[in-house]
$ cat run.csv   # CSV, C-alpha atoms
chain,number,residue,atom,x,y,z
A,1,MET,CA,36.6,11.0,17.5
A,2,GLU,CA,37.3,7.9,19.6
A,3,ALA,CA,39.3,10.0,22.1
A,4,LEU,CA,36.4,12.4,22.4
A,5,ILE,CA,33.9,9.6,23.0
A,6,SER,CA,36.2,7.9,25.5
A,7,SER,CA,36.6,11.1,27.5
A,8,TYR,CA,32.8,11.3,28.0
A,9,THR,CA,31.5,7.7,27.7
A,10,GLU,CA,32.8,4.3,28.4
A,11,THR,CA,33.3,2.6,25.0
A,12,GLU,CA,31.6,-0.6,26.0
A,13,THR,CA,28.3,1.1,26.9
A,14,PHE,CA,28.3,3.4,23.9
A,15,LYS,CA,26.0,2.1,21.2
A,16,PRO,CA,25.2,4.8,18.6
A,17,GLN,CA,22.2,4.6,16.3
A,18,VAL,CA,23.3,4.1,12.7
A,19,ALA,CA,21.7,6.1,9.9
A,20,LYS,CA,22.7,6.8,6.3
A,21,VAL,CA,23.2,10.4,5.5
A,22,SER,CA,23.3,11.6,1.9
A,23,PHE,CA,23.0,14.9,0.2
A,24,GLN,CA,22.5,16.3,-3.3
A,25,ILE,CA,24.2,19.2,-4.9
A,26,GLY,CA,21.8,21.2,-7.1
A,27,PHE,CA,22.5,23.2,-10.2
A,28,GLN,CA,24.3,26.0,-8.3
A,29,PRO,CA,27.8,25.0,-7.4
A,30,LYS,CA,28.5,24.2,-3.7
A,31,ARG,CA,24.9,24.9,-2.6
A,32,LEU,CA,23.2,22.2,-0.5
A,33,ASN,CA,19.6,21.6,-1.7
A,34,SER,CA,18.6,18.7,0.6
A,35,ILE,CA,19.7,16.3,3.2
A,36,VAL,CA,18.1,12.8,3.3
A,37,ILE,CA,18.4,10.7,6.4
A,38,SER,CA,17.1,7.2,6.0
A,39,VAL,CA,16.6,4.9,8.9
A,40,ARG,CA,15.3,1.4,9.1
A,41,ARG,CA,11.9,1.2,7.5
A,42,ARG,CA,8.9,0.6,9.8
A,43,TYR,CA,6.6,-2.2,9.2
A,44,GLY,CA,3.4,-0.8,7.8
A,45,ILE,CA,-0.1,-2.0,8.1
A,46,ASN,CA,-0.2,-3.1,4.5
A,47,GLU,CA,3.3,-4.5,4.3
A,48,ARG,CA,2.0,-8.1,3.7
A,49,ILE,CA,-0.1,-6.8,0.8
A,50,LEU,CA,2.9,-5.0,-0.7
A,51,ASN,CA,4.9,-8.2,-0.5
A,52,LEU,CA,2.1,-10.2,-2.2
A,53,LEU,CA,2.0,-7.6,-5.0
A,54,LYS,CA,5.7,-7.8,-5.3
A,55,SER,CA,5.4,-11.6,-5.7
A,56,PHE,CA,2.8,-11.1,-8.5
A,57,ARG,CA,5.7,-9.7,-10.7
A,58,LYS,CA,7.0,-13.2,-10.9
A,59,LEU,CA,3.8,-14.7,-12.4
A,60,ASN,CA,3.8,-15.8,-16.0
A,61,ASP,CA,0.8,-16.4,-18.2
A,62,ASN,CA,-1.1,-19.6,-17.3
A,63,TRP,CA,0.0,-19.2,-13.7
A,64,ASP,CA,-3.1,-21.1,-12.6
A,65,PHE,CA,-2.7,-23.8,-15.2
A,66,ASP,CA,-6.1,-22.6,-16.7
A,67,ASP,CA,-4.8,-20.0,-19.1
A,68,ALA,CA,-4.9,-17.1,-16.7
A,69,LEU,CA,-3.0,-14.0,-17.8
A,70,ALA,CA,-0.3,-12.6,-15.5
A,71,PRO,CA,-0.8,-9.0,-14.2
A,72,SER,CA,1.1,-6.4,-16.2
A,73,ILE,CA,3.7,-4.2,-14.6
A,74,LYS,CA,1.2,-1.3,-15.0
A,75,VAL,CA,-1.5,-3.1,-13.1
A,76,ILE,CA,0.9,-4.1,-10.3
A,77,ASN,CA,2.3,-0.5,-10.0
A,78,VAL,CA,-1.2,1.0,-9.8
A,79,SER,CA,-2.1,-1.7,-7.1
A,80,GLU,CA,1.0,-0.7,-5.1
A,81,LEU,CA,0.2,3.0,-5.4
A,82,ILE,CA,-3.3,2.4,-4.1
A,83,THR,CA,-2.0,0.1,-1.3
A,84,MET,CA,0.6,2.7,-0.2
A,85,THR,CA,-2.0,5.4,-0.3
A,86,PHE,CA,-4.2,3.3,2.0
A,87,GLN,CA,-1.2,2.7,4.3
A,88,LYS,CA,-0.5,6.4,4.5
A,89,ILE,CA,-4.0,7.2,5.6
A,90,GLY,CA,-4.2,4.2,8.0
A,91,GLN,CA,-6.7,2.0,6.1
A,92,LYS,CA,-5.8,-1.7,6.2
A,93,ILE,CA,-6.2,-3.9,3.2
A,94,TYR,CA,-7.5,-7.3,4.1
A,95,HIS,CA,-6.3,-9.2,1.1
A,96,THR,CA,-5.1,-9.1,-2.6
A,97,ALA,CA,-5.2,-11.6,-5.4
A,98,PRO,CA,-4.5,-11.8,-9.1
A,99,GLY,CA,-7.3,-12.6,-11.4
A,100,PRO,CA,-7.6,-14.7,-14.6
A,101,ASN,CA,-7.7,-11.7,-16.9
A,102,GLY,CA,-4.5,-10.0,-15.7
A,103,GLU,CA,-6.3,-7.9,-13.1
A,104,VAL,CA,-5.4,-7.5,-9.4
A,105,MET,CA,-8.1,-7.3,-6.7
A,106,LEU,CA,-7.7,-5.4,-3.4
A,107,ASP,CA,-10.1,-6.4,-0.7
A,108,ILE,CA,-10.7,-3.7,2.0
A,109,ARG,CA,-13.1,-4.5,4.9
A,110,ASP,CA,-14.6,-2.6,7.8
A,111,SER,CA,-13.5,-3.3,11.3
A,112,LYS,CA,-16.3,-5.7,11.9
A,113,ASN,CA,-15.8,-7.6,8.6
A,114,SER,CA,-19.5,-6.9,7.9
A,115,LYS,CA,-19.0,-5.0,4.6
A,116,SER,CA,-16.2,-4.5,2.2
A,117,ILE,CA,-14.9,-2.8,-0.9
A,118,GLU,CA,-13.1,-4.6,-3.7
A,119,ILE,CA,-11.0,-2.5,-6.0
A,120,ILE,CA,-10.2,-4.4,-9.2
A,121,ILE,CA,-7.3,-3.0,-11.3
A,122,TYR,CA,-7.2,-3.8,-15.0
A,123,ASP,CA,-4.8,-2.5,-17.6
A,124,ASP,CA,-7.4,0.0,-19.0
A,125,LYS,CA,-9.7,0.7,-16.0
A,126,ILE,CA,-10.2,0.4,-12.3
A,127,ASN,CA,-13.6,-0.9,-10.9
A,128,ILE,CA,-14.8,-0.7,-7.3
A,129,VAL,CA,-17.4,-3.1,-5.9
A,130,PHE,CA,-19.3,-2.2,-2.8
A,131,ILE,CA,-20.4,-5.2,-0.8
A,132,PRO,CA,-22.8,-4.1,1.9
A,133,GLU,CA,-23.8,-6.1,4.9
A,134,LYS,CA,-27.4,-7.0,3.8
A,135,GLU,CA,-28.0,-5.6,0.3
A,136,LEU,CA,-26.7,-6.7,-3.1
A,137,PRO,CA,-23.3,-5.6,-4.2
A,138,THR,CA,-23.0,-2.6,-6.6
A,139,GLN,CA,-20.1,-1.7,-8.9
A,140,GLU,CA,-18.8,1.5,-10.6
A,141,TYR,CA,-15.6,2.9,-12.0
A,142,PHE,CA,-13.1,3.8,-9.4
A,143,GLU,CA,-12.1,7.5,-9.1
A,144,PHE,CA,-9.3,8.7,-6.9
A,145,SER,CA,-11.2,11.9,-6.3
A,146,LYS,CA,-13.9,9.9,-4.5
A,147,LEU,CA,-11.5,8.0,-2.2
A,148,LYS,CA,-12.7,9.8,0.9
A,149,ASN,CA,-16.4,9.0,0.0
A,150,TYR,CA,-15.5,5.3,-0.5
A,151,LEU,CA,-13.8,5.0,2.8
A,152,ASN,CA,-16.6,6.9,4.6
A,153,TRP,CA,-19.1,4.4,3.2
A,154,LEU,CA,-16.9,1.5,4.3
A,155,ASN,CA,-16.2,2.7,7.8
A,156,LYS,CA,-19.5,4.4,8.6
A,157,THR,CA,-21.3,2.7,11.4
A,158,SER,CA,-25.0,2.5,11.7
A,159,ILE,CA,-26.7,4.6,14.4
A,160,TYR,CA,-28.5,1.4,15.5
A,161,GLU,CA,-25.3,-0.5,16.4
$ encode --input "run.csv" --output "structure tokens"
Amino acid sequence: MEALISSYTETETFKPQVAKVSFQIGFQPKRLNSIVISVRRRYGINERILNLLKSFRKLNDNWDFDDALAPSIKVINVSELITMTFQKIGQKIYHTAPGPNGEVMLDIRDSKNSKSIEIIIYDDKINIVFIPEKELPTQEYFEFSKLKNYLNWLNKTSIYE
């Protein structure tokens, strides 16, 4: 290979991109089912949030020295799933924080920071709190099937702006 490269390119200037290539053989012998090429992961808009969620795994009960419960693995996994879903669709999460009852809160704001949605993940439920610009907040159970409606409410701009 080196001889082939040397005959076409000067070795000093040749800097190939490096990628890991792997494949998986399926149930049928010698049949290639898929090829996975992985390259360096890009920094996502919610990478900071994912790193914070990862750090929540290290919390123990009484993490705030006031008897707070540590978030369970289930709560953290659901929080990461929601965060990655938002990252995939391009919605930035402003902040995340653990709560005293083992919950995790995700704070999503509009581009003007004038209204927000807080998604609060518990072991047995997920709540969503709508915080409008001028009215009082409202709360309901979070449903993944309504995600588009939630984001439309958050990112909708007034016709008077």
$ atom_distance --input "run.csv" --atom1 "CA of Ser55 (chain A)" --atom2 "CA of Asp123 (chain A)"
18.1 Å
$ residues_around --input "run.csv" --residues "Arg48 (chain A)" --least-positions-apart "4" --cutoff "10 Å" --atoms "all atoms listed in the file" --output "list in words"
Tyr43, Gly44, Leu52, Leu53, Lys54, Ile93, Tyr94, His95 and Thr96 of chain A
$ atom_distance --input "run.csv" --atom1 "CA of Met105 (chain A)" --atom2 "CA of Lys74 (chain A)"
13.8 Å
$ atom_distance --input "run.csv" --atom1 "CA of Ser111 (chain A)" --atom2 "CA of Ser79 (chain A)"
21.7 Å
$ closest_residue --input "run.csv" --among "A:Phe86, A:Lys134, A:Ile121, A:Lys92" --to "Leu147 (chain A)" --atoms "all atoms listed in the file"
A:Phe86
$ closest_residue --input "run.csv" --among "A:Val78, A:Ala70, A:Ile89, A:Leu50" --to "Asp124 (chain A)" --atoms "all atoms listed in the file"
A:Val78
$ residues_near_point --input "run.csv" --point "(-0.8, -18.1, -17.4)" --cutoff "12 Å" --atoms "only C-alpha atoms" --output "ChimeraX atom specification"
/A:56,58-72,98-102
$ residues_around --input "run.csv" --residues "Phe144 (chain A)" --least-positions-apart "3" --cutoff "12 Å" --atoms "only C-alpha atoms" --output "ChimeraX atom specification"
/A:78,81-82,85-86,119,126-128,141,147-151
